[in-house]
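Source file query-v7.csv; content: CSV, C-alpha atoms and all ligand atoms.
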chain,number,residue,atom,x,y,z
A,1,MET,CA,3.2,28.8,-67.6
A,2,VAL,CA,0.3,27.8,-65.5
A,3,GLU,CA,-1.3,25.8,-68.3
A,4,GLU,CA,-0.3,22.2,-69.2
A,5,PHE,CA,-1.3,19.9,-72.0
A,6,LEU,CA,-3.1,17.1,-70.2
A,7,PRO,CA,-3.8,13.5,-71.3
A,8,LEU,CA,-7.5,12.8,-72.1
A,9,PRO,CA,-9.4,12.1,-68.9
A,10,TYR,CA,-10.3,8.6,-70.3
A,11,ALA,CA,-9.1,6.1,-72.8
A,12,TYR,CA,-9.2,7.0,-76.5
A,13,ASP,CA,-11.7,4.3,-77.2
A,14,SER,CA,-14.1,5.0,-74.4
A,15,LEU,CA,-16.5,7.0,-76.5
A,16,GLU,CA,-16.9,4.2,-79.0
A,17,PRO,CA,-19.0,3.7,-81.1
A,18,TYR,CA,-20.2,7.3,-81.0
A,19,ILE,CA,-16.7,8.8,-81.5
A,20,ASP,CA,-14.1,6.4,-82.7
A,21,GLU,CA,-10.7,5.8,-81.2
A,22,GLN,CA,-8.8,7.0,-84.3
A,23,THR,CA,-10.6,10.3,-84.4
A,24,MET,CA,-10.0,10.9,-80.7
A,25,LYS,CA,-6.3,10.1,-81.0
A,26,ILE,CA,-5.8,12.5,-83.9
A,27,HIS,CA,-8.1,15.1,-82.4
A,28,HIS,CA,-6.2,15.1,-79.1
A,29,ASN,CA,-2.6,14.4,-80.1
A,30,LYS,CA,-2.5,16.5,-83.3
A,31,HIS,CA,-5.2,19.1,-83.3
A,32,HIS,CA,-5.5,19.9,-79.6
A,33,LYS,CA,-1.7,19.6,-79.0
A,34,GLY,CA,-1.1,21.8,-82.1
A,35,TYR,CA,-3.2,24.6,-80.6
A,36,TYR,CA,-1.4,24.3,-77.2
A,37,ASP,CA,2.1,24.3,-78.8
A,38,LYS,CA,1.3,27.4,-80.9
A,39,LEU,CA,-0.2,29.2,-78.0
A,40,MET,CA,2.9,28.5,-75.9
A,41,LYS,CA,5.1,29.8,-78.7
A,42,ILE,CA,3.1,33.0,-79.1
A,43,ILE,CA,3.2,33.9,-75.4
A,44,GLU,CA,6.9,33.1,-74.9
A,45,SER,CA,7.8,36.7,-74.7
A,46,TYR,CA,4.7,37.8,-72.8
A,47,PRO,CA,5.4,36.8,-69.2
A,48,GLU,CA,2.2,38.6,-68.0
A,49,LEU,CA,0.1,36.1,-70.0
A,50,GLN,CA,2.1,33.1,-68.9
A,51,GLU,CA,1.0,33.8,-65.3
A,52,LYS,CA,-2.7,33.7,-66.2
A,53,THR,CA,-5.0,30.7,-66.8
A,54,ILE,CA,-6.4,30.3,-70.3
A,55,GLU,CA,-9.8,31.2,-68.9
A,56,GLU,CA,-8.5,34.4,-67.5
A,57,ILE,CA,-6.8,35.2,-70.8
A,58,LEU,CA,-9.8,34.6,-73.0
A,59,SER,CA,-12.1,36.5,-70.6
A,60,ASP,CA,-10.1,39.7,-70.9
A,61,LEU,CA,-9.0,40.1,-74.6
A,62,VAL,CA,-8.5,43.9,-74.3
A,63,ASP,CA,-5.6,43.2,-72.0
A,64,ILE,CA,-3.7,41.4,-74.7
A,65,SER,CA,-1.2,43.2,-76.9
A,66,GLU,CA,-2.8,43.8,-80.3
A,67,GLU,CA,0.2,42.2,-82.1
A,68,ILE,CA,-0.7,38.8,-80.8
A,69,ARG,CA,-4.4,39.2,-79.9
A,70,GLN,CA,-5.9,37.4,-82.9
A,71,GLN,CA,-3.4,34.5,-82.5
A,72,VAL,CA,-4.3,34.2,-78.8
A,73,ILE,CA,-8.0,34.1,-79.8
A,74,ASN,CA,-7.3,31.3,-82.4
A,75,PHE,CA,-4.8,29.1,-80.5
A,76,GLY,CA,-5.8,29.9,-77.0
A,77,GLY,CA,-9.5,29.3,-77.9
A,78,GLY,CA,-8.5,26.1,-79.6
A,79,PHE,CA,-6.6,25.0,-76.6
A,80,PHE,CA,-9.3,25.8,-74.0
A,81,HIS,CA,-12.3,24.6,-76.1
A,82,HIS,CA,-10.9,21.1,-76.6
A,83,THR,CA,-10.0,20.7,-73.0
A,84,PHE,CA,-13.6,21.7,-72.1
A,85,PHE,CA,-15.0,19.4,-74.7
A,86,TRP,CA,-13.2,16.3,-73.5
A,87,ASP,CA,-14.3,17.1,-69.9
A,88,ILE,CA,-18.1,17.1,-70.8
A,89,LEU,CA,-18.0,13.8,-72.7
A,90,LYS,CA,-18.8,10.4,-71.1
A,91,LYS,CA,-21.0,7.5,-72.0
A,92,ASP,CA,-23.9,6.4,-69.9
A,93,VAL,CA,-24.5,9.5,-67.8
A,94,PRO,CA,-28.1,10.2,-68.5
A,95,PHE,CA,-30.0,13.5,-68.4
A,96,LYS,CA,-32.0,13.9,-65.2
A,97,LYS,CA,-35.1,16.1,-65.2
A,98,ASN,CA,-34.8,16.7,-61.4
A,99,SER,CA,-31.2,17.9,-61.4
A,100,GLU,CA,-30.5,21.7,-61.2
A,101,ILE,CA,-29.5,21.8,-64.9
A,102,GLY,CA,-32.4,19.5,-65.8
A,103,ARG,CA,-35.0,21.8,-64.2
A,104,GLU,CA,-33.4,24.9,-65.9
A,105,ILE,CA,-33.4,23.3,-69.3
A,106,ILE,CA,-37.1,22.3,-69.0
A,107,ASN,CA,-37.9,25.8,-67.7
A,108,LYS,CA,-36.1,27.5,-70.6
A,109,PHE,CA,-36.7,25.2,-73.6
A,110,GLY,CA,-39.8,23.2,-72.7
A,111,ARG,CA,-39.3,19.5,-73.1
A,112,PHE,CA,-35.8,18.0,-73.2
A,113,GLU,CA,-36.6,17.1,-76.9
A,114,ASP,CA,-37.1,20.7,-77.7
A,115,PHE,CA,-33.7,21.6,-76.2
A,116,LYS,CA,-32.1,18.8,-78.1
A,117,GLU,CA,-33.8,20.0,-81.4
A,118,GLN,CA,-32.6,23.6,-80.9
A,119,PHE,CA,-29.1,22.6,-80.0
A,120,SER,CA,-28.9,20.1,-82.9
A,121,ASN,CA,-30.2,22.7,-85.3
A,122,SER,CA,-27.6,25.2,-84.1
A,123,ALA,CA,-24.8,22.7,-84.6
A,124,GLY,CA,-26.2,21.5,-87.9
A,125,ASN,CA,-26.7,25.0,-89.4
A,126,LEU,CA,-23.3,26.4,-88.4
A,127,PHE,CA,-21.6,27.4,-91.6
A,128,GLY,CA,-17.9,26.6,-91.8
A,129,SER,CA,-16.0,25.7,-88.7
A,130,GLY,CA,-17.0,26.4,-85.1
A,131,TRP,CA,-18.7,25.3,-82.0
A,132,THR,CA,-22.3,25.2,-80.7
A,133,TRP,CA,-22.7,25.8,-76.9
A,134,LEU,CA,-25.1,25.8,-74.1
A,135,ILE,CA,-24.1,28.7,-71.9
A,136,LEU,CA,-25.2,30.7,-68.9
A,137,ASP,CA,-25.3,34.4,-69.8
A,138,LYS,CA,-23.7,36.4,-67.0
A,139,ALA,CA,-26.0,39.5,-67.5
A,140,THR,CA,-29.4,37.8,-68.1
A,141,LYS,CA,-28.6,34.8,-65.9
A,142,GLN,CA,-30.4,32.7,-68.5
A,143,LEU,CA,-29.4,29.6,-70.5
A,144,GLU,CA,-28.8,30.2,-74.2
A,145,ILE,CA,-27.7,28.1,-77.2
A,146,ILE,CA,-25.1,30.0,-79.2
A,147,GLN,CA,-22.6,29.3,-82.0
A,148,THR,CA,-19.1,30.6,-82.1
A,149,LYS,CA,-17.1,30.7,-85.3
A,150,ASN,CA,-13.6,29.3,-85.6
A,151,GLN,CA,-12.1,29.4,-82.1
A,152,ASN,CA,-13.9,32.5,-80.9
A,153,SER,CA,-14.7,31.8,-77.2
A,154,PRO,CA,-17.9,32.3,-75.2
A,155,LEU,CA,-15.6,33.4,-72.4
A,156,SER,CA,-14.8,36.5,-74.4
A,157,ILE,CA,-18.5,37.6,-74.5
A,158,GLU,CA,-19.5,37.1,-70.9
A,159,LYS,CA,-20.9,33.7,-71.3
A,160,ILE,CA,-20.2,30.7,-69.1
A,161,PRO,CA,-19.9,27.4,-71.1
A,162,LEU,CA,-21.9,24.4,-69.9
A,163,ILE,CA,-22.0,22.0,-72.9
A,164,THR,CA,-20.3,22.2,-76.3
A,165,ILE,CA,-20.0,20.3,-79.5
A,166,ASP,CA,-17.0,20.7,-81.9
A,167,VAL,CA,-18.4,21.0,-85.4
A,168,TRP,CA,-15.1,21.5,-87.2
A,169,GLU,CA,-14.9,18.7,-89.8
A,170,HIS,CA,-11.8,17.1,-88.1
A,171,ALA,CA,-14.1,16.3,-85.1
A,172,TYR,CA,-16.2,13.8,-87.1
A,173,TYR,CA,-15.1,13.4,-90.8
A,174,LEU,CA,-13.1,10.1,-90.4
A,175,LYS,CA,-16.1,8.2,-89.1
A,176,TYR,CA,-19.1,10.2,-90.3
A,177,LYS,CA,-17.8,11.7,-93.5
A,178,ASN,CA,-20.2,14.5,-94.6
A,179,LYS,CA,-23.0,13.3,-92.3
A,180,ARG,CA,-22.8,15.9,-89.6
A,181,ALA,CA,-26.4,15.3,-88.5
A,182,GLU,CA,-25.5,11.7,-87.4
A,183,TYR,CA,-22.5,12.9,-85.4
A,184,ILE,CA,-24.7,15.5,-83.7
A,185,GLU,CA,-27.4,12.9,-82.9
A,186,ASN,CA,-24.8,10.5,-81.4
A,187,PHE,CA,-23.3,13.3,-79.4
A,188,PHE,CA,-26.4,13.2,-77.2
A,189,ASN,CA,-25.3,9.7,-76.1
A,190,ILE,CA,-22.0,11.0,-74.6
A,191,ILE,CA,-22.9,14.1,-72.7
A,192,ASN,CA,-21.6,13.8,-69.2
A,193,TRP,CA,-24.7,15.2,-67.5
A,194,LYS,CA,-23.0,14.9,-64.0
A,195,LYS,CA,-20.2,17.2,-65.1
A,196,VAL,CA,-22.7,19.6,-66.8
A,197,GLU,CA,-24.6,19.7,-63.5
A,198,ASP,CA,-21.4,20.6,-61.6
A,199,LEU,CA,-20.6,23.3,-64.1
A,200,PHE,CA,-24.1,24.8,-63.9
A,201,VAL,CA,-24.1,24.9,-60.1
A,202,LYS,CA,-20.8,26.7,-60.1
A,203,ALA,CA,-21.9,29.1,-62.9
A,204,GLN,CA,-25.0,30.0,-61.0
A,205,GLU,CA,-23.0,30.7,-57.9
A,206,LYS,CA,-20.8,33.0,-60.0
A,207,VAL,CA,-23.7,35.0,-61.7
A,208,LEU,CA,-25.7,35.3,-58.5
A,209,ALA,CA,-22.8,36.4,-56.3
B,1,MN,MN,-11.5,20.1,-82.7
Let me see whether you can do it: turn the structure in this file into structure tokens.
Amino acid sequence: MVEEFLPLPYAYDSLEPYIDEQTMKIHHNKHHKGYYDKLMKIIESYPELQEKTIEEILSDLVDISEEIRQQVINFGGGFFHHTFFWDILKKDVPFKKNSEIGREIINKFGRFEDFKEQFSNSAGNLFGSGWTWLILDKATKQLEIIQTKNQNSPLSIEKIPLITIDVWEHAYYLKYKNKRAEYIENFFNIINWKKVEDLFVKAQEKVLA
């Protein structure tokens, strides 16, 4: 299998006080690891899937045997989305208006505060479990804020992820209890804008190619 379950790219306490160490430990070691283990189990007897990356698998759902397709969506999505989420989190990497992504966000949403409000509303209004994303749409080549339910992936609907927030309750309940809005507000202190810039530049090359 080409995919591995990797350690977090930083210490469990490095997002404190915005996301606490205990939440990060349980989220990574139990939830994320659980998705990975279940995915591995499901594709044990599907060697053609074992040779693909998780991005390739989620981008081409019709290629997956119907017997396991929904489970691959659930556990493969859970595996990929958490890896992606860890990678775009870091403290003290501020938004820059003059970066590529900064200019595009201003161009699309108006002020940064307008983007923040729309993204926060999307994450706050999501009913049940899921994720809110900033994505680049492959067809329109535009930025969009979207929600995905459960572990459904933007990769499966021709959208390239740039930022995401996990709004399953396990992502915030230990620290924030029912105050999802506070968790979302604090999320804006830990977006790794340098990483988002890299993702956006690569995404643009892909859609313009
Ligand atoms: Mn999660």
- Query: With only C-alpha atoms as the basis for distance, which of A:Asn189, A:Arg180, A:Gly102, A:Lys175 is at the shortest distance from Asn125 (chain A)?
  - Reply: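 Of A:Asn189, A:Arg180, A:Gly102, A:Lys175, the one nearest Asn125 (chain A), counting only C-alpha atoms, is A:Arg180.
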- Atomic distance CA of Thr83 (chain A) - CA of Glu67 (chain A), expressed in Å with one decimal: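 Interatomic distance, CA of Thr83 (chain A) to CA of Glu67 (chain A): 25.5 Å.
CA of Arg69 (chain A) lies 17.2 Å from CA of Thr148 (chain A).
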- Task: Figure out the distance between CA of Thr23 (chain A) and CA of Phe5 (chain A), please, to one decimal in Å.
- Result: 18.2 Å
Taking all atoms listed in the file into account, which residues have an atom no farther than 12 Å from ligand MN 1 (chain B)? I'd like them as a tab-separated table (two decimals) with C-alpha atoms, keeping the file's coordinate frame.
chain	number	residue	atom	x	y	z
A	23	THR	CA	-10.60	10.30	-84.40
A	24	MET	CA	-10.00	10.90	-80.70
A	25	LYS	CA	-6.30	10.10	-81.00
A	26	ILE	CA	-5.80	12.50	-83.90
A	27	HIS	CA	-8.10	15.10	-82.40
A	28	HIS	CA	-6.20	15.10	-79.10
A	29	ASN	CA	-2.60	14.40	-80.10
A	30	LYS	CA	-2.50	16.50	-83.30
A	31	HIS	CA	-5.20	19.10	-83.30
A	32	HIS	CA	-5.50	19.90	-79.60
A	33	LYS	CA	-1.70	19.60	-79.00
A	34	GLY	CA	-1.10	21.80	-82.10
A	35	TYR	CA	-3.20	24.60	-80.60
A	74	ASN	CA	-7.30	31.30	-82.40
A	75	PHE	CA	-4.80	29.10	-80.50
A	77	GLY	CA	-9.50	29.30	-77.90
A	78	GLY	CA	-8.50	26.10	-79.60
A	79	PHE	CA	-6.60	25.00	-76.60
A	80	PHE	CA	-9.30	25.80	-74.00
A	81	HIS	CA	-12.30	24.60	-76.10
A	82	HIS	CA	-10.90	21.10	-76.60
A	83	THR	CA	-10.00	20.70	-73.00
A	84	PHE	CA	-13.60	21.70	-72.10
A	85	PHE	CA	-15.00	19.40	-74.70
A	86	TRP	CA	-13.20	16.30	-73.50
A	129	SER	CA	-16.00	25.70	-88.70
A	130	GLY	CA	-17.00	26.40	-85.10
A	131	TRP	CA	-18.70	25.30	-82.00
A	150	ASN	CA	-13.60	29.30	-85.60
A	151	GLN	CA	-12.10	29.40	-82.10
A	164	THR	CA	-20.30	22.20	-76.30
A	165	ILE	CA	-20.00	20.30	-79.50
A	166	ASP	CA	-17.00	20.70	-81.90
A	167	VAL	CA	-18.40	21.00	-85.40
A	168	TRP	CA	-15.10	21.50	-87.20
A	169	GLU	CA	-14.90	18.70	-89.80
A	170	HIS	CA	-11.80	17.10	-88.10
A	171	ALA	CA	-14.10	16.30	-85.10
A	172	TYR	CA	-16.20	13.80	-87.10
A	173	TYR	CA	-15.10	13.40	-90.80
- Item | Closest of A:Ile163, A:Ala11, A:Leu143, A:Met40 to Arg103 (chain A) - atom-to-atom distances counting all atoms listed in the file |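 Of A:Ile163, A:Ala11, A:Leu143, A:Met40, the one nearest Arg103 (chain A) is A:Leu143, counting all atoms listed in the file.
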- Query: Taking into account all atoms listed in the file, which residue in the set A:Ser99, A:Ser153, A:Gln118, A:Thr140 is nearest to Lys194 (chain A)?
  - Reply: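 Going through A:Ser99, A:Ser153, A:Gln118, A:Thr140 one by one, the smallest distance to Lys194 (chain A) is for A:Ser99.
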- Task: Rank A:Tyr12, A:Glu205, A:Val196, A:Ile191 by their smallest atom-to-atom distance to Pro94 (chain A), using only C-alpha atoms, and report the top residue only.
- Result: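 Nearest candidate to Pro94 (chain A) out of A:Tyr12, A:Glu205, A:Val196, A:Ile191: A:Ile191.
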- Message: Using all atoms listed in the file, can you tell me which of A:Leu89, A:Val2, A:Lys202, A:Glu21 comes closest to Leu49 (chain A)?
- Response: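 Of the candidates, the smallest distance to Leu49 (chain A) is held by A:Val2.
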- Task: Just give me the residues with any atom within 12 Å of (-15.3, 38.4, -80.0), file coordinates, counting only C-alpha atoms, written as JSON, numbers by chain.
- Result: {"A": [58, 59, 60, 61, 62, 69, 70, 72, 73, 74, 77, 147, 148, 149, 150, 151, 152, 153, 154, 155, 156, 157, 158, 159]}
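Using all atoms listed in the file, the shortest contact distance between Asp63 (chain A) and any of A:Asp137, A:Asp92, A:Glu48, A:Asp37 is found at A:Glu48.
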- Item | Exercise: Val201 (chain A) partners within 10 Å, only C-alpha atoms, chain neighbours under 6 positions left out, as a PyMOL selection string | chain A and resi 100-101+195
Coordinate excerpt as a PDB file, in the first residue's frame: region 55-115 of chain A, C-alpha atoms:
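This is the output file out05.pdb:
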ATOM      1  CA  GLU A  55      -6.148  11.284  -3.670  1.00  0.00           C
ATOM      2  CA  GLU A  56      -6.332   9.125  -6.793  1.00  0.00           C
ATOM      3  CA  ILE A  57      -8.859   6.796  -5.183  1.00  0.00           C
ATOM      4  CA  LEU A  58     -11.175   9.594  -4.006  1.00  0.00           C
ATOM      5  CA  SER A  59     -10.914  11.413  -7.341  1.00  0.00           C
ATOM      6  CA  ASP A  60     -12.221   8.403  -9.246  1.00  0.00           C
ATOM      7  CA  LEU A  61     -15.036   6.765  -7.304  1.00  0.00           C
ATOM      8  CA  VAL A  62     -16.611   5.067 -10.331  1.00  0.00           C
ATOM      9  CA  ASP A  63     -13.505   2.916 -10.546  1.00  0.00           C
ATOM     10  CA  ILE A  64     -14.203   1.364  -7.154  1.00  0.00           C
ATOM     11  CA  SER A  65     -16.158  -1.857  -6.814  1.00  0.00           C
ATOM     12  CA  GLU A  66     -19.716  -1.065  -5.688  1.00  0.00           C
ATOM     13  CA  GLU A  67     -19.424  -3.528  -2.813  1.00  0.00           C
ATOM     14  CA  ILE A  68     -16.913  -1.342  -1.029  1.00  0.00           C
ATOM     15  CA  ARG A  69     -17.478   2.080  -2.572  1.00  0.00           C
ATOM     16  CA  GLN A  70     -19.387   3.660   0.326  1.00  0.00           C
ATOM     17  CA  GLN A  71     -16.865   2.346   2.850  1.00  0.00           C
ATOM     18  CA  VAL A  72     -13.997   3.752   0.796  1.00  0.00           C
ATOM     19  CA  ILE A  73     -15.803   7.124   0.714  1.00  0.00           C
ATOM     20  CA  ASN A  74     -16.253   7.014   4.506  1.00  0.00           C
ATOM     21  CA  PHE A  75     -12.906   5.692   5.668  1.00  0.00           C
ATOM     22  CA  GLY A  76     -10.760   6.866   2.758  1.00  0.00           C
ATOM     23  CA  GLY A  77     -12.270  10.331   3.067  1.00  0.00           C
ATOM     24  CA  GLY A  78     -11.722  10.255   6.835  1.00  0.00           C
ATOM     25  CA  PHE A  79      -8.112   9.264   6.312  1.00  0.00           C
ATOM     26  CA  PHE A  80      -7.315  11.868   3.638  1.00  0.00           C
ATOM     27  CA  HIS A  81      -9.241  14.792   5.156  1.00  0.00           C
ATOM     28  CA  HIS A  82      -7.472  14.534   8.513  1.00  0.00           C
ATOM     29  CA  THR A  83      -4.013  14.348   6.907  1.00  0.00           C
ATOM     30  CA  PHE A  84      -4.940  17.436   4.886  1.00  0.00           C
ATOM     31  CA  PHE A  85      -6.310  19.242   7.955  1.00  0.00           C
ATOM     32  CA  TRP A  86      -3.117  18.682  10.029  1.00  0.00           C
ATOM     33  CA  ASP A  87      -1.033  20.014   7.163  1.00  0.00           C
ATOM     34  CA  ILE A  88      -2.788  23.361   6.907  1.00  0.00           C
ATOM     35  CA  LEU A  89      -2.612  24.121  10.639  1.00  0.00           C
ATOM     36  CA  LYS A  90       0.155  26.176  12.246  1.00  0.00           C
ATOM     37  CA  LYS A  91       0.274  29.103  14.618  1.00  0.00           C
ATOM     38  CA  ASP A  92       1.634  32.509  13.676  1.00  0.00           C
ATOM     39  CA  VAL A  93       1.606  32.263   9.882  1.00  0.00           C
ATOM     40  CA  PRO A  94      -0.444  35.357   9.016  1.00  0.00           C
ATOM     41  CA  PHE A  95      -2.631  35.976   5.981  1.00  0.00           C
ATOM     42  CA  LYS A  96      -0.840  38.156   3.427  1.00  0.00           C
ATOM     43  CA  LYS A  97      -2.880  40.343   1.069  1.00  0.00           C
ATOM     44  CA  ASN A  98      -0.086  40.341  -1.495  1.00  0.00           C
ATOM     45  CA  SER A  99       0.346  36.578  -1.737  1.00  0.00           C
ATOM     46  CA  GLU A 100      -1.248  34.764  -4.693  1.00  0.00           C
ATOM     47  CA  ILE A 101      -3.993  33.309  -2.493  1.00  0.00           C
ATOM     48  CA  GLY A 102      -4.387  36.632  -0.691  1.00  0.00           C
ATOM     49  CA  ARG A 103      -5.064  38.489  -3.937  1.00  0.00           C
ATOM     50  CA  GLU A 104      -7.485  35.813  -5.125  1.00  0.00           C
ATOM     51  CA  ILE A 105      -9.424  35.820  -1.842  1.00  0.00           C
ATOM     52  CA  ILE A 106      -9.778  39.617  -1.959  1.00  0.00           C
ATOM     53  CA  ASN A 107     -10.728  39.423  -5.627  1.00  0.00           C
ATOM     54  CA  LYS A 108     -13.404  36.797  -4.981  1.00  0.00           C
ATOM     55  CA  PHE A 109     -14.832  37.719  -1.574  1.00  0.00           C
ATOM     56  CA  GLY A 110     -14.012  41.407  -1.128  1.00  0.00           C
ATOM     57  CA  ARG A 111     -12.290  42.092   2.177  1.00  0.00           C
ATOM     58  CA  PHE A 112     -10.551  39.337   4.150  1.00  0.00           C
ATOM     59  CA  GLU A 113     -13.210  39.848   6.838  1.00  0.00           C
ATOM     60  CA  ASP A 114     -15.913  39.018   4.286  1.00  0.00           C
ATOM     61  CA  PHE A 115     -14.164  35.777   3.410  1.00  0.00           C
TER      62      PHE A 115
END
